[in-house]
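The block underneath contains the structure these notes are about, expressed in structure tokens.
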Amino acid sequence: MTTHPELETVDMMLNMGPQHPSTHGVFRMVLWIDGERIVDMEPHIGYLHRGSEKLCEGESYGQVVTLFDRLDYVSNFNNEQVFCRAVERLMDIEVPERAMYIRTILCELNRVASHLLFLGTYALDAGAMTPVLYAFRERERIQNLYEAVSGARMMHNFIRIGGIKEEVPADFVPRVRQLLGELRRGVEECDNLLTFNEVFLARTRGVGVIDSDTAVSYGLTGPCLRASGLAYDVRKDHPYEIYPNVSFTVPVGEYGDCWDRYWVRVQEAYQSLNIVEQCLDQMTEGPIMPQMRRIARPPKGEVYVHGENPRGDIGVYLVSDGTDKPYRLKVRPPSYCNLTALRHMMKDAFIADAVVILGSLDIVLGEVDR
Amino acid sequence: MALDNKPQDAPLFVPGSWDRPKAGKFIDAPEQGDTSTGRGNRPAANLLQRGVPGVITGKLDELAALARKNSLWTLTFGLACCAIEMMSTHMSHHDLDRFGVVTWPSPRQSDVMIVAGTVVKKMADPIRLLYEQMPDPKWVIAMGSCATNGGPYYRSYSVVMGVDHIIPVDVYIPGCPPRPEALMDGLIKLQEKIQRDAKEGPNAKPPVIAQAEVPQEGLVEPDSTDNAGEDDGTGQTS
Amino acid sequence: MTEQDKPVSEPEESAPEGAADETPQVEAPASARPARRAPPHEEEAPPEVLNSRGQTTLGLLMRIADPYVLAHGGRDDIPWIETRAQSLIEVARRCRDHRDLDLKMLHCLLVVDYTEHLQAVYVLLSPVKGTRAILKVNVPADEPKVPSLTGLWRAADWYEREMHELFGMEFEGHPNLSPLILYEGFEGYPGLKSFPFNDYNEF
């Protein structure tokens with residue numbers, strides 16, 4: 001792509017190494033560039049491979065929940081929930097309704113927290129330094145609530161097999177209602193700062209386009225797939241727990257570029273707040289855990305369960321051999337599959353766009369590498 | 001433990017009483033064992049000491065330490081989940097900027113490396129490279145239990161059991177993940193260490209922290225039977 | 001899986017000495033004790049049932065993959081069928097291109113180690129129609145070869161690389177089976193049951 005045809009050029013290899021301010025975590029990208037255009041890209045992962053799947057085979061089911069917390073470390077409740085659903089399906093346990101409502105409230109708030117983190121760091125990648133401070137201020141509110149409920153800001157270990165660990169505090173419902181108002185204002189503030197900002201639009205519109213057929217072939221799920229035009233949401237298509245009882249819309253993008261992926265997430269955050277409000281209205285008193293054995297020993301069998309993580313479809317394939325430890329536990333991480341499409345999205349992009357495209361995928365290396 | 005202490009004489013554990021020195025001095029209690037955390041990093045001798053060996057630069061070192069400890073630039077080195085808590089600590093609620101701490105992407109211009117997250121064997125070489133790229137004086141904080149000793153992944157085939165197998169560590173912050181306040185506490189301890197190292201020179205003994213005398217009577221021994229696999233079947237929920 | 005149609009049964013996971021009896025392929029130091037497991041359930045496992053949607057999907061699957069199906073089963077609305085490794089690509093293509101099944105997304109690919117044989121499991125999903133299905137392939141442990149599905153789904157690329165690295169499963173026809181998540185120079189296949197557990201090298 002040189003302007004002087006008699007000049008001979010050689011593609012340069014640029015290493016955006018495992019320690020880099022804009023790769024979200026320890027991710028390494030090797031770019032072959034011709035001037036400013038990216039000709040080819042090779043992602044290198046595995047810098048956070050901790051062997052969780054193998055470790056799960058040596059831990060009892062209750063202990064595996066803590067490992068699942070640390071997979072996608074931004075949305076802990078969603079991971080715990082999908083694993084507990086898998087074990088409950090194998091053991092044929094019916095989770096009490098109150099527990100399901102509380103699980104959903106916590107998971108949807110976690111979705112809002114995760115999207116706020118995405119918003120903040122994505123703006124930081126694009127060059128805006130203010131929204132990240134606002135986003136983290138809102139996250140602090142949610143994390144305060146989590147601390148009151150489960151004792152920990154991040155690795156909660158609260159959603160257990162069969163229900164939840166213990167009853168929520170007495171002021172849970174009024175506190176969450178107040179939090180909803182604050183969060184709506186907070187998300188709106190970040191939204192107003194970024195969404196139709198001229199500079200942000202210039203950086204993200206038309207960048208990293210992927211169409212829906214290619215996206216499906218790559219295994220993309222979640223907001224990345226919905227931004228390409230396909231309305232696929234596990235909560236709507238294969239509803240679980242109490243999602244049939246709440247009504248919400250699924251935001252769908254149009255072009256499949258970075259801005260669409262960002263916009264879908266912001267709209268999802270609003271929808272999550274609606275879901276939480278409906279759950280608060282519908283929630284009743286009742287038990288939070290059924291009568292069951294302390295040591296979970298599912299019978300022999302296999303099950304595949306997937307749920308909607310803020311990043312996409314997290315799937316758990318559980319093979320049980322009847323003992324109290326899993327025989328094989330495979331996690332299908334959404335970020336791993338979203339990352340396979342990165343090379344396609346970066347064709348003929350500028351180097352500066354590489355950071356923006358990677359940010360728009362919203363990957364978390366903990367679940368990519370497991 | 002001094003067991004002949006009468007229970008009513010020995011103070012019960014008062015938070016902060018066992019690690020804060022009284023009147024600026026650490027209590028030396030060698031018979032209770034050395035509970036130091038290791039020597040960690042020590043800044044190289046300064047130009048004057050290298051050029052003219054034998055010169056004692058007392059107050060100058062302390063002044064330099066005062067300047068260094070109040071503007072520690074950390075390398076953005078978030079590996080895993082602890083990185084999120086590190087980011088939370090940098091942000092406006094628990095602000096680290098008021099300590100002078102700025103997160104800086106380049107190792108060539110940073111002072112502290114906060115290793116936040118699990119150190120995987122594949123990542124060990126880059127960590128060593130980054131550490132060597134940092135100019136002296138540099139310090140390392142191991143944040144979280146994964147960086148301290150492997151944490152919840154202690155049986156894994158691909159995890160380095162603690163970053164101190166690769167680089168010398170000054171401050172260990174336990175937790176999974178440690179709260180932002182814990183990270184701030186660790187940074188303050190590092191600041192104290194920097195000042196102390198400058199005051200006592202490069203050959204100073206590491207500090208010995210006295211242990212509180214907790215009354216031993218009345219404590220219940222934990223039940224040491226392994227409960228895994230045994231099920232009383234009474235249907236009690238946990 | 002119903003009780004009668006499991007082609008090769010999973011190893012009886014008895015008390016702790018079960019895993020220690022196998023000779024591990026890698027030398028296990030003294031610290032490599034396998035994790036203690038509780039004895040399995042004495043009661044019979046409840047049979048897996050497919051609901052009506054699952055029955056419909058299973059019927060479609062059986063019809064389009066008719067000569068290749070060795071076994072079938074399923075739970076809820078996710079049926080599974082088992083084929084041979086040689087016929088995998090054909091069955092997968094028929095599943096993907098059939099207009100009602102429309103299993104356009106390879107949702108998950110995993111390998112389960114049953115000591116004497118390895119089982120490759122492919123989870124397929126249709127984002128538009130909402131159908132889900134599972135394909136299973138059993139291969140002997142000493143010759144684990146399965147054809148690669150990278151021609152059908154681009155997602156298979158990284159899945160297969162990872163499974164090759166962790167289990168030693170060979171995917172014939174894969175363009176690039178280089179290491180993905182383990183560090184270079186890693187010896188052994190850590191996903192296999194014979195890989196020593198509880199063992200780590202102080203780096």
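How things are named: the first chain in the structure tokens is A, the next is B, and so on; residues count from 1 in each chain; ligands count from 1 in the order shown.
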From a backbone DSSP assignment, name each residue in range 46-214 of chain B labelled helix (DSSP H, G or I), as a PyMOL selection string.
chain B and resi 47-51+58-69+81-90+97-99+107-109+121-133+144-149+151-153+163-165+180-200
Sorted per-residue table, chain B near chain C, closest atoms and distance, 12 Å, only C-alpha atoms, as a Markdown table:
```
| residue | atom | partner | partner_atom | distance |
| --- | --- | --- | --- | --- |
| B:Val119 | CA | C:Phe203 | CA | 10.8 |
| B:Val120 | CA | C:Tyr183 | CA | 9.2 |
| B:Lys121 | CA | C:Tyr183 | CA | 7.1 |
| B:Lys122 | CA | C:Tyr183 | CA | 4.9 |
| B:Met123 | CA | C:Tyr183 | CA | 8.6 |
| B:Ala124 | CA | C:Phe203 | CA | 8.9 |
| B:Asp125 | CA | C:Tyr183 | CA | 10.5 |
| B:Asn149 | CA | C:Glu202 | CA | 10.8 |
| B:Gly150 | CA | C:Glu202 | CA | 10.7 |
| B:Tyr153 | CA | C:Asn198 | CA | 10.3 |
| B:Tyr154 | CA | C:Tyr200 | CA | 8.3 |
| B:Arg155 | CA | C:Asn198 | CA | 4.8 |
| B:Ser156 | CA | C:Tyr200 | CA | 6.6 |
| B:Tyr157 | CA | C:Tyr200 | CA | 5.4 |
| B:Ser158 | CA | C:Tyr200 | CA | 7.7 |
| B:Val159 | CA | C:Tyr200 | CA | 8.0 |
| B:Val160 | CA | C:Phe203 | CA | 6.1 |
| B:Met161 | CA | C:Glu202 | CA | 6.9 |
| B:Gly162 | CA | C:Phe203 | CA | 9.4 |
| B:Val163 | CA | C:Phe203 | CA | 9.7 |
| B:Asp164 | CA | C:Phe203 | CA | 10.0 |
| B:His165 | CA | C:Phe203 | CA | 6.4 |
| B:Ile166 | CA | C:Phe203 | CA | 7.8 |
| B:Ile167 | CA | C:Phe203 | CA | 11.5 |
| B:Asp226 | CA | C:Arg36 | CA | 10.7 |
| B:Asn227 | CA | C:Ala38 | CA | 10.5 |
| B:Ala228 | CA | C:Ala38 | CA | 7.4 |
| B:Gly229 | CA | C:Ala38 | CA | 4.5 |
| B:Glu230 | CA | C:Ala38 | CA | 7.6 |
| B:Asp231 | CA | C:Ala38 | CA | 9.5 |
```
When distances are computed from only C-alpha atoms, which of B:Gly186, B:Gly100, B:Pro174, B:Pro180 shows the smallest separation from Ile84 in chain B?
B:Pro180
Distance filter 7 Å, only C-alpha atoms, chain A against chain C, as number ranges by chain:
A: 44-46, 49, 54, 58, 216-219, 232, 237, 299-301, 321-325, 328, 330, 332, 337, 340, 369
Just-selected residues, N, CA, C and O atoms written as a compact mmCIF listing (two decimals), in the first residue's frame:
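Ended up saving to out01.txt:
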```txt
# COMPACT_ATOMS: atom_id res chain seq x y z
N HIS A 44 -1.70 -14.28 21.17
CA HIS A 44 -1.06 -15.28 22.03
C HIS A 44 -1.71 -15.21 23.39
O HIS A 44 -1.69 -14.17 24.04
N ILE A 45 -2.27 -16.32 23.81
CA ILE A 45 -2.88 -16.34 25.14
C ILE A 45 -2.18 -17.39 25.97
O ILE A 45 -1.23 -18.00 25.53
N GLY A 46 -2.65 -17.59 27.14
CA GLY A 46 -2.07 -18.61 27.99
C GLY A 46 -1.22 -18.05 29.09
O GLY A 46 -0.63 -18.79 29.87
N HIS A 49 -3.05 -19.10 32.32
CA HIS A 49 -3.64 -20.43 32.36
C HIS A 49 -3.31 -21.06 33.71
O HIS A 49 -2.16 -21.41 33.97
N LYS A 54 -8.57 -28.73 35.48
CA LYS A 54 -7.95 -29.89 36.11
C LYS A 54 -8.08 -29.83 37.62
O LYS A 54 -8.30 -30.83 38.28
N GLY A 58 -10.27 -32.26 41.36
CA GLY A 58 -9.79 -32.68 42.66
C GLY A 58 -10.48 -31.99 43.81
O GLY A 58 -10.07 -32.13 44.95
N VAL A 216 -21.40 -15.87 13.75
CA VAL A 216 -21.92 -17.15 14.22
C VAL A 216 -20.91 -18.25 13.95
O VAL A 216 -20.69 -19.14 14.77
N SER A 217 -20.25 -18.17 12.81
CA SER A 217 -19.26 -19.19 12.50
C SER A 217 -18.09 -19.15 13.47
O SER A 217 -17.50 -20.18 13.82
N TYR A 218 -17.76 -17.96 13.95
CA TYR A 218 -16.67 -17.84 14.91
C TYR A 218 -17.10 -18.19 16.32
O TYR A 218 -16.29 -18.24 17.22
N GLY A 219 -18.39 -18.37 16.52
CA GLY A 219 -18.82 -18.72 17.86
C GLY A 219 -19.01 -17.52 18.76
O GLY A 219 -19.03 -17.65 19.98
N TYR A 232 -29.87 -12.91 19.74
CA TYR A 232 -29.74 -14.18 20.45
C TYR A 232 -29.32 -13.89 21.87
O TYR A 232 -28.24 -13.37 22.12
N ASP A 237 -33.95 -17.01 24.72
CA ASP A 237 -34.13 -18.17 23.85
C ASP A 237 -34.19 -19.48 24.63
O ASP A 237 -34.91 -20.38 24.28
N PRO A 299 -25.63 -37.97 40.76
CA PRO A 299 -25.50 -39.31 40.18
C PRO A 299 -24.73 -39.25 38.88
O PRO A 299 -24.44 -38.19 38.34
N LYS A 300 -24.38 -40.43 38.38
CA LYS A 300 -23.61 -40.49 37.14
C LYS A 300 -24.40 -39.86 36.02
O LYS A 300 -25.59 -40.11 35.86
N GLY A 301 -23.73 -39.07 35.22
CA GLY A 301 -24.44 -38.46 34.10
C GLY A 301 -23.67 -37.28 33.58
O GLY A 301 -22.61 -36.92 34.09
N ASP A 321 -19.29 -38.81 37.90
CA ASP A 321 -19.20 -40.26 38.01
C ASP A 321 -19.78 -40.74 39.33
O ASP A 321 -19.47 -41.83 39.78
N GLY A 322 -20.59 -39.92 39.96
CA GLY A 322 -21.26 -40.38 41.17
C GLY A 322 -20.54 -40.05 42.45
O GLY A 322 -21.09 -40.19 43.53
N THR A 323 -19.29 -39.61 42.36
CA THR A 323 -18.57 -39.27 43.58
C THR A 323 -18.83 -37.80 43.92
O THR A 323 -19.58 -37.11 43.24
N ASP A 324 -18.12 -37.34 44.95
CA ASP A 324 -18.36 -35.95 45.37
C ASP A 324 -17.45 -34.97 44.66
O ASP A 324 -17.41 -33.81 45.03
N LYS A 325 -16.68 -35.45 43.68
CA LYS A 325 -15.84 -34.54 42.92
C LYS A 325 -16.17 -34.72 41.44
O LYS A 325 -16.45 -35.82 41.01
N ARG A 328 -15.26 -34.60 35.02
CA ARG A 328 -14.72 -33.68 34.03
C ARG A 328 -15.60 -32.46 34.03
O ARG A 328 -16.82 -32.57 34.01
N LYS A 330 -15.89 -28.88 32.07
CA LYS A 330 -15.35 -28.03 31.00
C LYS A 330 -16.14 -26.75 31.00
O LYS A 330 -17.36 -26.75 31.05
N ARG A 332 -17.04 -23.37 28.93
CA ARG A 332 -17.01 -22.76 27.61
C ARG A 332 -17.01 -21.26 27.85
O ARG A 332 -18.05 -20.68 28.17
N CYS A 337 -14.09 -17.46 22.87
CA CYS A 337 -14.66 -17.57 21.53
C CYS A 337 -14.75 -16.21 20.86
O CYS A 337 -14.55 -16.09 19.66
N THR A 340 -11.49 -15.33 19.09
CA THR A 340 -11.12 -15.95 17.82
C THR A 340 -11.49 -15.04 16.65
O THR A 340 -10.87 -15.10 15.59
N ASP A 369 -8.12 -17.91 29.53
CA ASP A 369 -7.08 -18.89 29.82
C ASP A 369 -7.51 -19.93 30.83
O ASP A 369 -6.93 -21.00 30.88
```
From the list C:Arg161, C:Lys136, C:Arg53, C:His174, which residue is nearest Arg84 in chain C when using only C-alpha atoms?
C:Lys136
Of the residues B:Lys138, B:Arg196, B:His94, B:Lys59, which is the one nearest to chain A, using only C-alpha atoms?
B:His94
Which neighbours of His115 in chain A fall inside 7 Å, counting only C-alpha atoms, when residues of the same chain fewer than 6 positions from it are skipped, and could you give them as a PyMOL selection string?
chain A and resi 265-266+269
Spatial neighbours of Gln86 in chain C, max dist 10 Å, only C-alpha atoms, sep filter under 6 positions, as a list of chain:residue names:
C:Tyr68, C:Val137, C:Lys145, C:Val146, C:Pro147
Using only C-alpha atoms and a distance of at most 8 Å, pull out the residues of chain A that contact chain B, as a PyMOL selection string.
chain A and resi 18-21+25-26+46-52+54-55+60+67+70+73-74+133+136-137+140+153-155+165+289-295+324+365-366
Quick one: pull the distance between CA of Met86 in chain B and CA of Val115 in chain B, Å, one decimal.
10.1 Å
